[in-house]
>>> print(open('structure.cif').read())   # mmCIF, C-alpha atoms and all ligand atoms
data_protein
#
loop_
_atom_site.label_atom_id
_atom_site.label_comp_id
_atom_site.auth_asym_id
_atom_site.auth_seq_id
_atom_site.Cartn_x
_atom_site.Cartn_y
_atom_site.Cartn_z
CA MET A 1 -89.38 -34.70 102.12
CA ILE A 2 -87.01 -33.32 99.43
CA GLU A 3 -83.25 -33.05 99.77
CA THR A 4 -81.23 -30.82 97.48
CA LYS A 5 -78.09 -28.70 97.35
CA ALA A 6 -77.45 -24.99 96.93
CA TYR A 7 -74.07 -24.04 95.46
CA ALA A 8 -71.97 -20.93 96.07
CA LYS A 9 -71.12 -18.52 93.23
CA LEU A 10 -68.05 -16.49 92.42
CA ASN A 11 -67.68 -13.31 90.42
CA LEU A 12 -64.87 -13.85 87.93
CA THR A 13 -65.46 -10.21 86.97
CA LEU A 14 -67.72 -7.55 88.46
CA ASP A 15 -68.30 -4.20 86.78
CA VAL A 16 -70.81 -1.54 87.85
CA LEU A 17 -71.95 0.47 84.84
CA GLY A 18 -74.10 3.06 86.60
CA LYS A 19 -76.97 3.83 88.93
CA ARG A 20 -80.52 3.36 87.67
CA PRO A 21 -83.64 5.40 88.40
CA ASP A 22 -85.02 2.49 90.48
CA GLY A 23 -82.08 2.74 92.90
CA TYR A 24 -80.39 -0.42 91.67
CA HIS A 25 -77.21 -0.46 89.59
CA ASP A 26 -76.58 -1.82 86.12
CA LEU A 27 -73.98 -4.53 86.42
CA ARG A 28 -71.85 -6.63 84.10
CA MET A 29 -70.47 -9.75 85.74
CA VAL A 30 -69.01 -13.08 84.71
CA MET A 31 -70.29 -15.61 87.22
CA GLN A 32 -69.17 -19.11 88.12
CA THR A 33 -70.72 -21.84 90.30
CA VAL A 34 -68.44 -23.70 92.72
CA ASP A 35 -68.85 -26.99 94.58
CA LEU A 36 -69.11 -25.48 98.08
CA SER A 37 -72.76 -26.04 98.99
CA ASP A 38 -75.52 -25.84 101.59
CA ALA A 39 -77.67 -28.95 102.13
CA ILE A 40 -81.36 -28.05 101.85
CA THR A 41 -84.25 -30.16 103.12
CA LEU A 42 -87.90 -29.38 102.39
CA GLU A 43 -90.38 -31.03 104.74
CA PHE A 44 -94.10 -30.66 104.11
CA GLY A 45 -96.53 -30.30 107.02
CA GLY A 46 -97.22 -28.00 109.96
CA GLU A 47 -98.32 -24.40 109.60
CA GLY A 48 -97.01 -21.80 107.12
CA VAL A 49 -93.64 -21.53 105.43
CA ARG A 50 -90.77 -21.59 107.93
CA ALA A 51 -86.99 -21.57 107.55
CA ALA A 52 -84.50 -23.12 109.96
CA SER A 53 -80.77 -23.63 109.84
CA ASN A 54 -77.70 -24.69 111.76
CA LEU A 55 -76.98 -20.97 112.21
CA GLY A 56 -79.26 -19.56 114.90
CA PHE A 57 -79.08 -15.97 113.68
CA LEU A 58 -80.66 -16.39 110.23
CA PRO A 59 -84.24 -15.13 109.81
CA THR A 60 -86.89 -17.85 110.03
CA GLY A 61 -89.79 -16.09 108.28
CA GLU A 62 -90.31 -14.26 105.00
CA LYS A 63 -87.06 -12.32 105.48
CA ASN A 64 -85.23 -15.55 104.78
CA LEU A 65 -84.71 -15.66 101.00
CA ALA A 66 -85.46 -19.40 100.87
CA ALA A 67 -88.86 -18.89 102.58
CA ALA A 68 -89.54 -15.85 100.36
CA ALA A 69 -88.85 -18.01 97.30
CA ALA A 70 -91.31 -20.71 98.44
CA LEU A 71 -94.01 -18.08 99.01
CA ARG A 72 -93.30 -16.54 95.61
CA PHE A 73 -93.55 -19.96 93.96
CA ALA A 74 -96.94 -20.67 95.59
CA GLU A 75 -98.24 -17.22 94.64
CA ALA A 76 -97.07 -17.42 91.03
CA THR A 77 -98.12 -21.02 90.29
CA GLY A 78 -101.22 -21.29 92.50
CA LYS A 79 -99.73 -24.53 93.90
CA GLU A 80 -100.59 -24.87 97.60
CA THR A 81 -97.34 -25.64 99.38
CA GLY A 82 -99.36 -25.86 102.64
CA GLY A 83 -97.09 -26.05 105.68
CA LEU A 84 -93.44 -26.19 104.68
CA LEU A 85 -90.27 -26.32 106.74
CA ILE A 86 -87.10 -25.43 104.82
CA HIS A 87 -84.00 -26.57 106.68
CA MET A 88 -80.62 -25.25 105.57
CA GLU A 89 -77.41 -26.87 106.72
CA LYS A 90 -75.16 -23.94 105.89
CA SER A 91 -71.59 -24.47 104.73
CA ILE A 92 -71.48 -21.37 102.50
CA PRO A 93 -70.44 -18.45 104.73
CA VAL A 94 -73.20 -15.86 105.21
CA CYS A 95 -72.82 -12.22 104.00
CA ALA A 96 -69.67 -13.26 102.20
CA GLY A 97 -70.16 -12.32 98.53
CA LEU A 98 -70.76 -15.98 97.66
CA GLY A 99 -74.51 -15.73 96.98
CA GLY A 100 -75.38 -18.24 99.72
CA GLY A 101 -78.85 -16.86 100.52
CA SER A 102 -79.69 -16.39 96.82
CA SER A 103 -78.53 -19.92 96.08
CA ASP A 104 -80.69 -21.38 98.87
CA ALA A 105 -83.68 -19.52 97.37
CA ALA A 106 -82.87 -20.79 93.88
CA ALA A 107 -82.57 -24.38 95.15
CA VAL A 108 -86.03 -24.09 96.75
CA LEU A 109 -87.51 -22.86 93.44
CA ARG A 110 -85.92 -25.74 91.50
CA ALA A 111 -87.03 -28.31 94.11
CA LEU A 112 -90.65 -27.09 94.31
CA ASN A 113 -90.89 -26.96 90.51
CA GLY A 114 -89.88 -30.64 90.38
CA TYR A 115 -92.00 -31.75 93.35
CA PHE A 116 -95.21 -30.14 92.11
CA GLY A 117 -94.54 -31.00 88.47
CA ALA A 118 -95.15 -27.33 87.70
CA GLY A 119 -93.14 -27.66 84.49
CA LEU A 120 -91.62 -24.18 84.65
CA SER A 121 -88.58 -23.70 82.43
CA PRO A 122 -85.30 -22.61 84.05
CA ARG A 123 -85.88 -19.16 82.48
CA GLU A 124 -89.34 -18.93 84.05
CA LEU A 125 -87.96 -19.97 87.42
CA ALA A 126 -85.18 -17.41 87.07
CA LEU A 127 -87.76 -14.72 86.36
CA MET A 128 -89.64 -15.75 89.50
CA GLY A 129 -86.42 -15.51 91.48
CA GLU A 130 -85.78 -11.95 90.35
CA ARG A 131 -88.37 -10.69 92.85
CA VAL A 132 -86.57 -12.48 95.68
CA GLY A 133 -83.09 -11.04 95.00
CA SER A 134 -80.85 -9.82 92.18
CA ASP A 135 -78.54 -12.88 92.29
CA VAL A 136 -81.33 -15.48 92.47
CA PRO A 137 -81.90 -15.76 88.67
CA TYR A 138 -78.24 -16.59 88.09
CA CYS A 139 -78.29 -19.09 90.96
CA VAL A 140 -81.24 -20.91 89.33
CA LEU A 141 -79.19 -21.49 86.16
CA GLY A 142 -75.64 -21.74 87.54
CA GLY A 143 -72.53 -22.65 85.57
CA THR A 144 -70.46 -20.04 83.75
CA ALA A 145 -72.63 -17.09 82.70
CA LEU A 146 -72.64 -13.38 81.96
CA ALA A 147 -75.07 -11.49 84.23
CA GLU A 148 -76.18 -8.01 83.22
CA GLY A 149 -78.92 -5.52 84.13
CA ARG A 150 -79.65 -5.86 87.85
CA GLY A 151 -78.04 -9.30 87.54
CA GLU A 152 -81.08 -10.97 85.98
CA VAL A 153 -80.16 -10.69 82.26
CA LEU A 154 -78.28 -13.94 81.76
CA THR A 155 -76.21 -15.32 78.91
CA PRO A 156 -74.71 -18.80 79.32
CA LEU A 157 -70.98 -18.86 78.49
CA PRO A 158 -68.54 -21.63 77.57
CA THR A 159 -67.79 -23.60 80.75
CA LEU A 160 -64.72 -22.46 82.68
CA PRO A 161 -62.04 -25.16 82.32
CA THR A 162 -61.99 -27.37 85.45
CA CYS A 163 -59.77 -25.99 88.19
CA ASP A 164 -59.28 -25.95 91.95
CA VAL A 165 -60.59 -22.98 93.89
CA VAL A 166 -59.41 -21.77 97.28
CA LEU A 167 -61.81 -19.45 99.14
CA CYS A 168 -60.94 -17.38 102.18
CA LYS A 169 -63.41 -15.20 104.09
CA PRO A 170 -61.86 -12.74 106.50
CA LYS A 171 -63.85 -12.00 109.67
CA PHE A 172 -65.35 -8.61 108.88
CA SER A 173 -68.56 -8.20 106.92
CA ILE A 174 -69.32 -5.39 104.48
CA SER A 175 -72.76 -3.90 103.88
CA THR A 176 -73.78 -4.30 100.23
CA PRO A 177 -75.84 -1.04 99.99
CA GLU A 178 -72.98 0.85 101.67
CA LEU A 179 -70.45 -0.45 99.17
CA PHE A 180 -72.71 0.50 96.24
CA ALA A 181 -73.06 3.98 97.79
CA ARG A 182 -69.26 4.30 98.05
CA LEU A 183 -69.00 3.44 94.36
CA ASP A 184 -71.53 6.13 93.43
CA GLY A 185 -69.20 8.71 94.93
CA VAL A 186 -66.08 7.91 92.90
CA ARG A 187 -64.85 7.74 89.35
CA LEU A 188 -63.44 4.27 88.89
CA ARG A 189 -59.84 4.16 87.68
CA HIS A 190 -59.87 0.58 86.46
CA ARG A 191 -62.51 -1.65 84.94
CA PRO A 192 -62.50 -5.38 84.25
CA ASP A 193 -61.53 -6.62 80.80
CA THR A 194 -64.85 -8.46 80.43
CA GLU A 195 -64.39 -8.93 76.67
CA GLY A 196 -60.97 -10.48 77.33
CA VAL A 197 -62.53 -12.93 79.82
CA LEU A 198 -65.25 -13.85 77.31
CA ALA A 199 -62.58 -14.49 74.65
CA ALA A 200 -60.48 -16.56 77.09
CA LEU A 201 -63.54 -18.64 77.99
CA SER A 202 -64.28 -19.24 74.30
CA ALA A 203 -60.67 -20.36 73.82
CA GLY A 204 -60.77 -22.63 76.92
CA ASP A 205 -57.87 -20.56 78.27
CA LEU A 206 -57.95 -20.86 82.07
CA GLY A 207 -54.77 -18.78 82.48
CA GLY A 208 -56.31 -16.02 80.36
CA VAL A 209 -59.35 -15.94 82.66
CA GLY A 210 -57.16 -16.09 85.79
CA ARG A 211 -55.11 -13.09 84.68
CA ARG A 212 -58.28 -11.02 84.17
CA LEU A 213 -60.18 -11.67 87.43
CA PHE A 214 -61.37 -8.21 88.51
CA ASN A 215 -63.93 -6.67 90.86
CA VAL A 216 -64.52 -2.89 90.91
CA PHE A 217 -65.67 -3.02 94.55
CA GLU A 218 -62.07 -3.67 95.63
CA GLU A 219 -61.24 -0.05 94.73
CA VAL A 220 -63.78 1.42 97.17
CA LEU A 221 -63.20 -0.79 100.21
CA PRO A 222 -62.37 0.92 103.49
CA VAL A 223 -58.55 0.98 103.77
CA ARG A 224 -58.14 -1.54 106.60
CA ILE A 225 -60.37 -4.04 104.79
CA ARG A 226 -58.64 -3.44 101.45
CA ASP A 227 -55.25 -4.12 103.04
CA GLU A 228 -56.46 -7.49 104.26
CA ILE A 229 -58.03 -8.40 100.91
CA VAL A 230 -54.76 -7.50 99.17
CA ALA A 231 -52.81 -9.61 101.67
CA ILE A 232 -55.00 -12.70 101.08
CA LYS A 233 -54.72 -12.24 97.31
CA GLY A 234 -50.95 -12.02 97.80
CA VAL A 235 -50.85 -15.37 99.61
CA LEU A 236 -52.97 -17.05 96.91
CA VAL A 237 -50.80 -15.76 94.06
CA GLU A 238 -47.58 -16.52 95.93
CA GLN A 239 -48.77 -20.12 96.31
CA GLY A 240 -49.38 -20.43 92.57
CA ALA A 241 -52.90 -19.14 91.86
CA LEU A 242 -53.49 -18.16 88.22
CA GLY A 243 -55.30 -15.12 89.62
CA ALA A 244 -57.12 -13.99 92.76
CA CYS A 245 -60.03 -11.66 93.36
CA MET A 246 -62.76 -10.65 95.81
CA SER A 247 -66.20 -12.11 95.05
CA GLY A 248 -69.32 -9.91 94.94
CA THR A 249 -69.39 -7.27 97.65
CA GLY A 250 -66.97 -9.43 99.62
CA PRO A 251 -65.26 -10.02 101.82
CA THR A 252 -64.48 -13.52 100.45
CA VAL A 253 -61.34 -13.70 98.32
CA TYR A 254 -60.67 -16.64 96.02
CA GLY A 255 -57.89 -17.97 93.84
CA LEU A 256 -58.07 -20.25 90.79
CA PHE A 257 -55.48 -23.01 90.50
CA SER A 258 -54.58 -25.39 87.67
CA ASP A 259 -52.22 -27.22 90.04
CA GLY A 260 -54.03 -29.20 92.76
CA GLU A 261 -50.97 -29.38 95.02
CA ALA A 262 -50.48 -25.62 94.88
CA ALA A 263 -54.16 -25.18 95.79
CA ARG A 264 -53.75 -27.53 98.77
CA ARG A 265 -50.68 -25.55 99.95
CA ALA A 266 -52.54 -22.24 99.64
CA TYR A 267 -55.44 -23.75 101.58
CA GLU A 268 -53.09 -24.90 104.37
CA VAL A 269 -51.31 -21.54 104.62
CA LEU A 270 -54.58 -19.57 104.82
CA LYS A 271 -56.17 -22.11 107.18
CA GLY A 272 -53.38 -21.26 109.62
CA GLN A 273 -54.61 -17.65 109.66
CA TYR A 274 -58.36 -17.74 109.01
CA ARG A 275 -61.32 -19.85 110.15
CA ASP A 276 -63.38 -19.77 106.94
CA VAL A 277 -61.11 -21.28 104.29
CA PHE A 278 -62.31 -23.79 101.69
CA LEU A 279 -60.71 -25.90 99.00
CA THR A 280 -63.29 -26.59 96.33
CA GLY A 281 -63.82 -26.89 92.58
CA THR A 282 -65.96 -25.45 89.82
CA ARG A 283 -69.36 -26.76 88.71
CA GLU A 284 -71.11 -26.72 85.38
CA SER A 285 -74.63 -25.43 84.70
CA LEU A 286 -77.27 -26.59 87.20
CA ILE A 287 -79.94 -27.11 84.56
CA PRO A 288 -80.06 -30.39 82.69
CA SER A 289 -79.10 -29.84 79.03
O1 LIG B 301 -81.52 -7.49 94.98
P1 LIG B 301 -80.88 -7.60 96.34
O2 LIG B 301 -81.87 -7.53 97.45
O3 LIG B 301 -79.98 -8.79 96.47
O4 LIG B 301 -79.92 -6.34 96.47
C1 LIG B 301 -79.41 -5.93 97.72
C2 LIG B 301 -78.95 -4.49 97.63
O5 LIG B 301 -77.83 -4.39 96.74
C3 LIG B 301 -79.97 -3.54 97.02
O6 LIG B 301 -80.82 -3.01 98.01
C4 LIG B 301 -79.09 -2.46 96.41
O7 LIG B 301 -78.64 -1.58 97.42
C5 LIG B 301 -77.88 -3.23 95.95
N1 LIG B 301 -77.94 -3.62 94.53
C6 LIG B 301 -77.82 -2.63 93.55
N2 LIG B 301 -77.83 -3.00 92.22
C7 LIG B 301 -77.95 -4.30 91.86
C8 LIG B 301 -78.06 -5.30 92.85
C9 LIG B 301 -78.05 -4.92 94.17
O8 LIG B 301 -77.69 -1.45 93.85
N3 LIG B 301 -77.94 -4.62 90.58
#
>>> encode(input="structure.cif", output="structure tokens")
Amino acid sequence: MIETKAYAKLNLTLDVLGKRPDGYHDLRMVMQTVDLSDAITLEFGGEGVRAASNLGFLPTGEKNLAAAAALRFAEATGKETGGLLIHMEKSIPVCAGLGGGSSDAAAVLRALNGYFGAGLSPRELALMGERVGSDVPYCVLGGTALAEGRGEVLTPLPTLPTCDVVLCKPKFSISTPELFARLDGVRLRHRPDTEGVLAALSAGDLGGVGRRLFNVFEEVLPVRIRDEIVAIKGVLVEQGALGACMSGTGPTVYGLFSDGEAARRAYEVLKGQYRDVFLTGTRESLIPS
């Protein structure tokens, strides 16, 4: 049996550069791993690759990204996983813009690589993950990184200075393909200052990053949803966040705090209004240096 953890990700910036002939979009995103995690257990035995979780509604077969990753690993390495049960104790909200499913898949790839002594480099594992989902390669590496292309072209960045993070997921969920389609139909008025974020990271300037958090999907949200996202951002900033933003295709909104007490207050205020609120921190790269 193997036990491991899968960490959530945030988009410090998210820019969509254009639609590609393969139907995907070219992206430019600064990504960050946070401490909020799912607990993953891999148990060998039984028949086939199966996924199970504390959430009854998640797929149990190949449609589950964690199971898909295990199958991909076996296919690519020729290692016989035999029967495998992947159990996920989910704490990362599902369909939330936090990369939970991708992170579970990445954790399975890392764990199987270690267990079978397959000796694949993090880059090779990331490449394997690309077939499972666009965010999986980043989730294999973790830390602070620039993700480009479909999300699989990764450049490690200077680590974001340590800070507290408050996450709040409103109740509604947003379809990722639908949000991409909405973007295709508009000319964006504002884009993230990605270069400014890269410079702030190089300077170790947390405030400079906080001021530049930006996600182009916020501009194309349906009005009712956008109003709620704006309201949550308002609470975070009012309570002292250095900046606040929606992550991925949402709907989770987060704020970065240099002041732990302010983060705790923001957490308490939002917890009074929403069920899925978390007070967490940032994490460095997941690959040993
Ligand atoms: O790769 P993944 O399965 O996670 O992507 C889910 C959906 O998000 C895709 O079917 C596509 O609609 C959209 N997507 C995109 N461009 C990307 C990543 C995702 O259009 N770079």
>>> residues_near_ligand(input="structure.cif", ligand="ligand LIG 301 (chain B)", cutoff="8 Å", atoms="all atoms listed in the file", output="ChimeraX atom specification")
/A:19,23-27,102,130-136,149-151,176-178,180-181
>>> write_last_selection(input="structure.cif", atoms="C-alpha atoms", output="short mmCIF file (atom, residue, chain, number, x, y, z; two decimals), in the coordinates of the input")
data_model
loop_
_atom_site.label_atom_id
_atom_site.label_comp_id
_atom_site.auth_asym_id
_atom_site.auth_seq_id
_atom_site.Cartn_x
_atom_site.Cartn_y
_atom_site.Cartn_z
CA LYS A 19 -76.97 3.83 88.93
CA GLY A 23 -82.08 2.74 92.90
CA TYR A 24 -80.39 -0.42 91.67
CA HIS A 25 -77.21 -0.46 89.59
CA ASP A 26 -76.58 -1.82 86.12
CA LEU A 27 -73.98 -4.53 86.42
CA SER A 102 -79.69 -16.39 96.82
CA GLU A 130 -85.78 -11.95 90.35
CA ARG A 131 -88.37 -10.69 92.85
CA VAL A 132 -86.57 -12.48 95.68
CA GLY A 133 -83.09 -11.04 95.00
CA SER A 134 -80.85 -9.82 92.18
CA ASP A 135 -78.54 -12.88 92.29
CA VAL A 136 -81.33 -15.48 92.47
CA GLY A 149 -78.92 -5.52 84.13
CA ARG A 150 -79.65 -5.86 87.85
CA GLY A 151 -78.04 -9.30 87.54
CA THR A 176 -73.78 -4.30 100.23
CA PRO A 177 -75.84 -1.04 99.99
CA GLU A 178 -72.98 0.85 101.67
CA PHE A 180 -72.71 0.50 96.24
CA ALA A 181 -73.06 3.98 97.79
#
>>> closest_atom_pairs(input="structure.cif", of="stretch 101-211 of chain A", to="stretch 52-67 of chain A", cutoff="9 Å", atoms="all atoms listed in the file", output="tab-separated table")
residue	atom	partner	partner_atom	distance
A:Gly101	CA	A:Leu65	CA	6.0
A:Ser102	CA	A:Leu65	CA	6.6
A:Ser103	CA	A:Ala66	CA	8.4
A:Asp104	CA	A:Ala66	CA	5.5
A:Ala105	CA	A:Ala66	CA	3.9
A:Ala106	CA	A:Ala66	CA	7.6
A:Ala107	CA	A:Ala66	CA	8.1
A:Val108	CA	A:Ala66	CA	6.3
A:Leu109	CA	A:Ala66	CA	8.4
A:Val132	CA	A:Leu65	CA	6.5
A:Gly133	CA	A:Leu65	CA	7.7
>>> residues_around(input="structure.cif", residues="stretch 270-287 of chain A", least_positions_apart="2", cutoff="8 Å", atoms="all atoms listed in the file", output="ChimeraX atom specification")
/A:32-36,93,122,140-144,159-160,162-171,232,235,263-264,266-268,289
>>> closest_residue(input="structure.cif", among="A:Asn113, A:Thr4, A:Ser175, A:Ser91", to="A:Gly78", atoms="all atoms listed in the file")
A:Asn113
>>> closest_residue(input="structure.cif", among="A:Leu42, A:Ala51, A:Leu71, A:Val186", to="A:Val16", atoms="only C-alpha atoms")
A:Val186
>>> atom_distance(input="structure.cif", atom1="atom CA of A:Tyr254", atom2="atom CA of A:Ala241")
9.2 Å
>>> closest_residue(input="structure.cif", among="A:Val230, A:Val49, A:Ala262, A:Met29", to="A:Glu152", atoms="only C-alpha atoms")
A:Met29
>>> atom_distance(input="structure.cif", atom1="atom CA of A:Gly243", atom2="atom CA of A:Asp227")
17.4 Å
>>> atom_distance(input="structure.cif", atom1="atom CA of A:Val223", atom2="atom CA of A:Arg20")
27.3 Å
>>> residues_around(input="structure.cif", residues="A:Gly250", least_positions_apart="2", cutoff="7 Å", atoms="only C-alpha atoms", output="NGL selection string")
:A and (96-97 or 174 or 246-248 or 252)
>>> closest_residue(input="structure.cif", among="A:Lys5, A:Ile86, A:Asp259, A:Thr13", to="A:Arg211", atoms="only C-alpha atoms")
A:Thr13
>>> build_atoms(input="structure.cif", residues="stretch 59-78 of chain A", atoms="N, CA, C and O atoms", output="PDB file, in the coordinates of the input")
ATOM      1  N   PRO A  59     -82.800 -15.315 109.647  1.00  0.00           N
ATOM      2  CA  PRO A  59     -84.240 -15.130 109.810  1.00  0.00           C
ATOM      3  C   PRO A  59     -85.005 -16.419 109.498  1.00  0.00           C
ATOM      4  O   PRO A  59     -84.579 -17.214 108.650  1.00  0.00           O
ATOM      5  N   THR A  60     -86.130 -16.608 110.188  1.00  0.00           N
ATOM      6  CA  THR A  60     -86.890 -17.850 110.030  1.00  0.00           C
ATOM      7  C   THR A  60     -88.160 -17.650 109.197  1.00  0.00           C
ATOM      8  O   THR A  60     -88.768 -18.607 108.746  1.00  0.00           O
ATOM      9  N   GLY A  61     -88.557 -16.390 109.020  1.00  0.00           N
ATOM     10  CA  GLY A  61     -89.790 -16.090 108.280  1.00  0.00           C
ATOM     11  C   GLY A  61     -89.491 -15.609 106.874  1.00  0.00           C
ATOM     12  O   GLY A  61     -88.473 -15.975 106.272  1.00  0.00           O
ATOM     13  N   GLU A  62     -90.393 -14.744 106.387  1.00  0.00           N
ATOM     14  CA  GLU A  62     -90.310 -14.260 105.000  1.00  0.00           C
ATOM     15  C   GLU A  62     -89.016 -13.521 104.675  1.00  0.00           C
ATOM     16  O   GLU A  62     -88.661 -13.372 103.508  1.00  0.00           O
ATOM     17  N   LYS A  63     -88.329 -13.041 105.720  1.00  0.00           N
ATOM     18  CA  LYS A  63     -87.060 -12.320 105.480  1.00  0.00           C
ATOM     19  C   LYS A  63     -85.975 -13.273 105.018  1.00  0.00           C
ATOM     20  O   LYS A  63     -84.970 -12.852 104.452  1.00  0.00           O
ATOM     21  N   ASN A  64     -86.171 -14.557 105.279  1.00  0.00           N
ATOM     22  CA  ASN A  64     -85.230 -15.550 104.780  1.00  0.00           C
ATOM     23  C   ASN A  64     -85.513 -15.754 103.292  1.00  0.00           C
ATOM     24  O   ASN A  64     -86.648 -16.026 102.899  1.00  0.00           O
ATOM     25  N   LEU A  65     -84.493 -15.603 102.458  1.00  0.00           N
ATOM     26  CA  LEU A  65     -84.710 -15.660 101.000  1.00  0.00           C
ATOM     27  C   LEU A  65     -85.295 -16.997 100.550  1.00  0.00           C
ATOM     28  O   LEU A  65     -86.072 -17.053  99.599  1.00  0.00           O
ATOM     29  N   ALA A  66     -84.949 -18.080 101.247  1.00  0.00           N
ATOM     30  CA  ALA A  66     -85.460 -19.400 100.870  1.00  0.00           C
ATOM     31  C   ALA A  66     -86.981 -19.462 101.124  1.00  0.00           C
ATOM     32  O   ALA A  66     -87.743 -19.977 100.288  1.00  0.00           O
ATOM     33  N   ALA A  67     -87.417 -18.916 102.270  1.00  0.00           N
ATOM     34  CA  ALA A  67     -88.860 -18.890 102.580  1.00  0.00           C
ATOM     35  C   ALA A  67     -89.563 -17.953 101.602  1.00  0.00           C
ATOM     36  O   ALA A  67     -90.652 -18.268 101.098  1.00  0.00           O
ATOM     37  N   ALA A  68     -88.944 -16.808 101.312  1.00  0.00           N
ATOM     38  CA  ALA A  68     -89.540 -15.850 100.360  1.00  0.00           C
ATOM     39  C   ALA A  68     -89.723 -16.509  98.997  1.00  0.00           C
ATOM     40  O   ALA A  68     -90.738 -16.309  98.325  1.00  0.00           O
ATOM     41  N   ALA A  69     -88.763 -17.339  98.599  1.00  0.00           N
ATOM     42  CA  ALA A  69     -88.850 -18.010  97.300  1.00  0.00           C
ATOM     43  C   ALA A  69     -90.018 -18.998  97.276  1.00  0.00           C
ATOM     44  O   ALA A  69     -90.757 -19.078  96.289  1.00  0.00           O
ATOM     45  N   ALA A  70     -90.209 -19.735  98.374  1.00  0.00           N
ATOM     46  CA  ALA A  70     -91.310 -20.710  98.440  1.00  0.00           C
ATOM     47  C   ALA A  70     -92.652 -19.976  98.349  1.00  0.00           C
ATOM     48  O   ALA A  70     -93.576 -20.425  97.651  1.00  0.00           O
ATOM     49  N   LEU A  71     -92.768 -18.863  99.041  1.00  0.00           N
ATOM     50  CA  LEU A  71     -94.010 -18.080  99.010  1.00  0.00           C
ATOM     51  C   LEU A  71     -94.269 -17.540  97.605  1.00  0.00           C
ATOM     52  O   LEU A  71     -95.388 -17.551  97.107  1.00  0.00           O
ATOM     53  N   ARG A  72     -93.206 -17.084  96.965  1.00  0.00           N
ATOM     54  CA  ARG A  72     -93.300 -16.540  95.610  1.00  0.00           C
ATOM     55  C   ARG A  72     -93.735 -17.636  94.628  1.00  0.00           C
ATOM     56  O   ARG A  72     -94.535 -17.391  93.729  1.00  0.00           O
ATOM     57  N   PHE A  73     -93.199 -18.831  94.827  1.00  0.00           N
ATOM     58  CA  PHE A  73     -93.550 -19.960  93.960  1.00  0.00           C
ATOM     59  C   PHE A  73     -95.045 -20.279  94.086  1.00  0.00           C
ATOM     60  O   PHE A  73     -95.753 -20.445  93.083  1.00  0.00           O
ATOM     61  N   ALA A  74     -95.522 -20.332  95.340  1.00  0.00           N
ATOM     62  CA  ALA A  74     -96.940 -20.670  95.590  1.00  0.00           C
ATOM     63  C   ALA A  74     -97.838 -19.597  94.963  1.00  0.00           C
ATOM     64  O   ALA A  74     -98.831 -19.914  94.301  1.00  0.00           O
ATOM     65  N   GLU A  75     -97.458 -18.352  95.155  1.00  0.00           N
ATOM     66  CA  GLU A  75     -98.240 -17.220  94.640  1.00  0.00           C
ATOM     67  C   GLU A  75     -98.292 -17.247  93.103  1.00  0.00           C
ATOM     68  O   GLU A  75     -99.352 -17.063  92.506  1.00  0.00           O
ATOM     69  N   ALA A  76     -97.149 -17.504  92.493  1.00  0.00           N
ATOM     70  CA  ALA A  76     -97.070 -17.420  91.030  1.00  0.00           C
ATOM     71  C   ALA A  76     -97.687 -18.631  90.334  1.00  0.00           C
ATOM     72  O   ALA A  76     -98.206 -18.511  89.231  1.00  0.00           O
ATOM     73  N   THR A  77     -97.628 -19.805  90.967  1.00  0.00           N
ATOM     74  CA  THR A  77     -98.120 -21.020  90.290  1.00  0.00           C
ATOM     75  C   THR A  77     -99.505 -21.422  90.776  1.00  0.00           C
ATOM     76  O   THR A  77    -100.154 -22.260  90.153  1.00  0.00           O
ATOM     77  N   GLY A  78     -99.933 -20.877  91.923  1.00  0.00           N
ATOM     78  CA  GLY A  78    -101.220 -21.290  92.500  1.00  0.00           C
ATOM     79  C   GLY A  78    -101.120 -22.658  93.170  1.00  0.00           C
ATOM     80  O   GLY A  78    -102.110 -23.191  93.653  1.00  0.00           O
TER      81      GLY A  78
END
